[in-house]
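Participant: Pasting a structure below so you can have a look.
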Amino acid sequence: MCLAVPGKVLDIEERDGTRMATVDFGGVVKEVCLEYLPDLQVGEYAIVHVGFALQRLDEESARQTLELFAELGMLQEEFGDAWETAAAQAGADTADEVSNT
């Protein structure tokens with residue numbers, strides 16, 4: 001599942017003519033394109049989907065949403081290590097096969 005996740009802009013720079021930001025999603029830091037929100041500033045929050053900041057968000061709404069996503073385990077699902085997830089799933093599938101024999 002792909003979520004639109006709120007994050008706080010930590011840093012902004014231009015790379016190859018594209019405005020990019022370093023964004024903190026409750027402890028997970030990712031690079032985000034700001035082309036849809038060209039006036040977004042450091043310290044502000046935005047909703048981000050597939051690497052693009054789509055909408056400005058107030059701090060309280062961002063905090064509440066991040067807390068809810070964390071409680072539901074959705075941040076790990078969205079930002080977790082894909083290799084770790086695949087390995088865990090493969091291990092679970094193997095364990096199921098062994099217990100069924």
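Residue names in the structure tokens use chain letters A, B, ... in the order shown, residue numbers from 1 in each chain, and ligand numbers from 1 in the order shown.
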Extract, using only C-alpha atoms, all DNA, RNA and protein residues at most 7 Å from region 35-40 of chain A, discarding same-chain residues fewer than 6 positions from it, and format them as number ranges by chain.
Facilitator: A: 18-19, 53-54
Participant: What would the file look like if the residues just selected were written as a short mmCIF file (atom, residue, chain, number, x, y, z; two decimals), in the first residue's frame with all heavy atoms?
Facilitator:
data_model
loop_
_atom_site.label_atom_id
_atom_site.label_comp_id
_atom_site.auth_asym_id
_atom_site.auth_seq_id
_atom_site.Cartn_x
_atom_site.Cartn_y
_atom_site.Cartn_z
N THR A 18 15.69 21.13 -10.26
CA THR A 18 14.50 20.66 -9.54
C THR A 18 14.65 20.98 -8.06
O THR A 18 15.68 20.68 -7.45
CB THR A 18 14.32 19.13 -9.71
OG1 THR A 18 14.21 18.86 -11.11
CG2 THR A 18 13.08 18.63 -9.00
N ARG A 19 13.62 21.57 -7.48
CA ARG A 19 13.64 21.90 -6.05
C ARG A 19 13.38 20.64 -5.23
O ARG A 19 12.32 20.02 -5.37
CB ARG A 19 12.55 22.96 -5.78
CG ARG A 19 12.73 23.69 -4.50
CD ARG A 19 11.93 24.99 -4.54
NE ARG A 19 12.09 25.69 -3.29
CZ ARG A 19 11.19 25.71 -2.33
NH1 ARG A 19 10.03 25.10 -2.49
NH2 ARG A 19 11.43 26.35 -1.20
N ALA A 53 5.91 16.21 -2.66
CA ALA A 53 5.12 16.98 -1.69
C ALA A 53 3.89 17.49 -2.43
O ALA A 53 4.01 18.15 -3.47
CB ALA A 53 5.95 18.13 -1.14
N LEU A 54 2.70 17.17 -1.90
CA LEU A 54 1.47 17.50 -2.61
C LEU A 54 0.65 18.62 -1.98
O LEU A 54 -0.08 19.32 -2.66
CB LEU A 54 0.59 16.26 -2.73
CG LEU A 54 1.20 15.08 -3.46
CD1 LEU A 54 0.24 13.89 -3.42
CD2 LEU A 54 1.55 15.45 -4.88
#
Participant: Env of Gly51 (chain A): 8 Å cut, atoms = only C-alpha atoms, seq-sep filter 5 positions within chain, self excluded. Answer as number ranges by chain.
Facilitator: A: 31-33
Participant: Find the residue from A:Leu66, A:Ala90, A:Val29, A:Val23 that sits nearest to Gly43 (chain A); use only C-alpha atoms when measuring.
Facilitator: A:Val23
Participant: Rank nothing, just name the residue among A:Leu34, A:Ala62, A:Ile47, A:Leu68 nearest to Val5 (chain A), using only C-alpha atoms.
Facilitator: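 So, comparing all the options, the nearest one is A:Ile47.
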Participant: Of the candidates A:Ala21, A:Lys8, A:Lys30, A:Ala70, which shows the shortest atom-to-atom distance to Leu57 (chain A), using only C-alpha atoms?
Facilitator: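 So, comparing all the options, the nearest one is A:Lys8.
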Participant: Which is closest to Pro6 (chain A) among A:Glu60, A:Gln55, A:Val48, A:Gly91, if we use only C-alpha atoms?
Facilitator: A:Val48
Participant: Going by DSSP on the backbone, which bits of region 10-61 of chain A are strand (DSSP E)? Write them as number ranges by chain, please.
Facilitator: A: 10-15, 18-25, 28-33, 45-49, 52-57
Participant: Next, write the just-selected residues to a file, as a JSON list (two decimals), in the first residue's frame, keeping N, CA and C atoms as the atom set.
Facilitator:
[["chain", "number", "residue", "atom", "x", "y", "z"],
["A", 10, "LEU", "N", 13.30, 19.58, 6.35],
["A", 10, "LEU", "CA", 14.51, 19.87, 7.11],
["A", 10, "LEU", "C", 15.49, 20.74, 6.33],
["A", 11, "ASP", "N", 15.51, 20.56, 5.02],
["A", 11, "ASP", "CA", 16.49, 21.24, 4.19],
["A", 11, "ASP", "C", 15.94, 21.31, 2.77],
["A", 12, "ILE", "N", 16.28, 22.38, 2.04],
["A", 12, "ILE", "CA", 15.83, 22.53, 0.66],
["A", 12, "ILE", "C", 17.04, 22.91, -0.19],
["A", 13, "GLU", "N", 17.12, 22.29, -1.37],
["A", 13, "GLU", "CA", 18.17, 22.65, -2.33],
["A", 13, "GLU", "C", 17.67, 22.40, -3.74],
["A", 14, "GLU", "N", 18.33, 23.00, -4.69],
["A", 14, "GLU", "CA", 17.98, 22.77, -6.09],
["A", 14, "GLU", "C", 18.98, 21.78, -6.66],
["A", 15, "ARG", "N", 18.47, 20.76, -7.33],
["A", 15, "ARG", "CA", 19.32, 19.75, -7.96],
["A", 15, "ARG", "C", 18.92, 19.59, -9.41],
["A", 18, "THR", "N", 15.69, 21.13, -10.26],
["A", 18, "THR", "CA", 14.50, 20.66, -9.54],
["A", 18, "THR", "C", 14.65, 20.98, -8.06],
["A", 19, "ARG", "N", 13.62, 21.57, -7.48],
["A", 19, "ARG", "CA", 13.64, 21.90, -6.05],
["A", 19, "ARG", "C", 13.38, 20.64, -5.23],
["A", 20, "MET", "N", 14.35, 20.26, -4.41],
["A", 20, "MET", "CA", 14.27, 19.04, -3.62],
["A", 20, "MET", "C", 14.42, 19.37, -2.14],
["A", 21, "ALA", "N", 13.85, 18.51, -1.29],
["A", 21, "ALA", "CA", 13.93, 18.71, 0.15],
["A", 21, "ALA", "C", 14.30, 17.41, 0.84],
["A", 22, "THR", "N", 14.95, 17.57, 1.98],
["A", 22, "THR", "CA", 15.14, 16.46, 2.91],
["A", 22, "THR", "C", 13.98, 16.58, 3.89],
["A", 23, "VAL", "N", 13.20, 15.50, 4.03],
["A", 23, "VAL", "CA", 11.98, 15.53, 4.82],
["A", 23, "VAL", "C", 12.01, 14.43, 5.87],
["A", 24, "ASP", "N", 11.61, 14.79, 7.08],
["A", 24, "ASP", "CA", 11.56, 13.87, 8.22],
["A", 24, "ASP", "C", 10.13, 13.37, 8.40],
["A", 25, "PHE", "N", 9.94, 12.06, 8.29],
["A", 25, "PHE", "CA", 8.64, 11.42, 8.48],
["A", 25, "PHE", "C", 8.65, 10.68, 9.81],
["A", 28, "VAL", "N", 12.08, 8.85, 10.01],
["A", 28, "VAL", "CA", 12.57, 8.34, 8.73],
["A", 28, "VAL", "C", 12.79, 9.55, 7.82],
["A", 29, "VAL", "N", 13.99, 9.71, 7.30],
["A", 29, "VAL", "CA", 14.32, 10.87, 6.47],
["A", 29, "VAL", "C", 14.47, 10.43, 5.02],
["A", 30, "LYS", "N", 13.77, 11.15, 4.14],
["A", 30, "LYS", "CA", 13.78, 10.83, 2.70],
["A", 30, "LYS", "C", 13.93, 12.11, 1.89],
["A", 31, "GLU", "N", 14.34, 11.95, 0.63],
["A", 31, "GLU", "CA", 14.40, 13.06, -0.30],
["A", 31, "GLU", "C", 13.05, 13.17, -1.00],
["A", 32, "VAL", "N", 12.58, 14.42, -1.17],
["A", 32, "VAL", "CA", 11.25, 14.68, -1.71],
["A", 32, "VAL", "C", 11.32, 15.81, -2.73],
["A", 33, "CYS", "N", 10.57, 15.68, -3.80],
["A", 33, "CYS", "CA", 10.48, 16.71, -4.82],
["A", 33, "CYS", "C", 9.45, 17.76, -4.39],
["A", 45, "TYR", "N", 5.39, 21.65, 7.11],
["A", 45, "TYR", "CA", 4.98, 20.27, 6.90],
["A", 45, "TYR", "C", 4.23, 20.14, 5.59],
["A", 46, "ALA", "N", 4.36, 18.96, 4.98],
["A", 46, "ALA", "CA", 3.63, 18.69, 3.75],
["A", 46, "ALA", "C", 3.21, 17.23, 3.74],
["A", 47, "ILE", "N", 2.16, 16.96, 3.01],
["A", 47, "ILE", "CA", 1.75, 15.58, 2.75],
["A", 47, "ILE", "C", 2.53, 15.13, 1.52],
["A", 48, "VAL", "N", 3.19, 13.98, 1.62],
["A", 48, "VAL", "CA", 4.05, 13.48, 0.56],
["A", 48, "VAL", "C", 3.53, 12.13, 0.08],
["A", 49, "HIS", "N", 3.49, 11.98, -1.23],
["A", 49, "HIS", "CA", 3.08, 10.71, -1.83],
["A", 49, "HIS", "C", 4.06, 10.38, -2.94],
["A", 52, "PHE", "N", 6.72, 13.01, -3.82],
["A", 52, "PHE", "CA", 6.33, 14.36, -4.19],
["A", 52, "PHE", "C", 5.51, 15.00, -3.07],
["A", 53, "ALA", "N", 5.91, 16.21, -2.66],
["A", 53, "ALA", "CA", 5.12, 16.98, -1.69],
["A", 53, "ALA", "C", 3.89, 17.49, -2.43],
["A", 54, "LEU", "N", 2.70, 17.17, -1.90],
["A", 54, "LEU", "CA", 1.47, 17.50, -2.61],
["A", 54, "LEU", "C", 0.65, 18.62, -1.98],
["A", 55, "GLN", "N", 0.73, 18.73, -0.65],
["A", 55, "GLN", "CA", -0.11, 19.71, 0.04],
["A", 55, "GLN", "C", 0.55, 20.13, 1.35],
["A", 56, "ARG", "N", 0.50, 21.42, 1.66],
["A", 56, "ARG", "CA", 1.00, 21.95, 2.93],
["A", 56, "ARG", "C", 0.05, 21.46, 4.04],
["A", 57, "LEU", "N", 0.62, 21.24, 5.23],
["A", 57, "LEU", "CA", -0.15, 20.73, 6.36],
["A", 57, "LEU", "C", 0.34, 21.43, 7.62]]
Participant: Calculate how many Å separate CA of Leu3 (chain A) from CA of Phe69 (chain A), rounding to one decimal.
Facilitator: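 Computing the Euclidean distance for CA of Leu3 (chain A) and CA of Phe69 (chain A) yields 9.7 Å.
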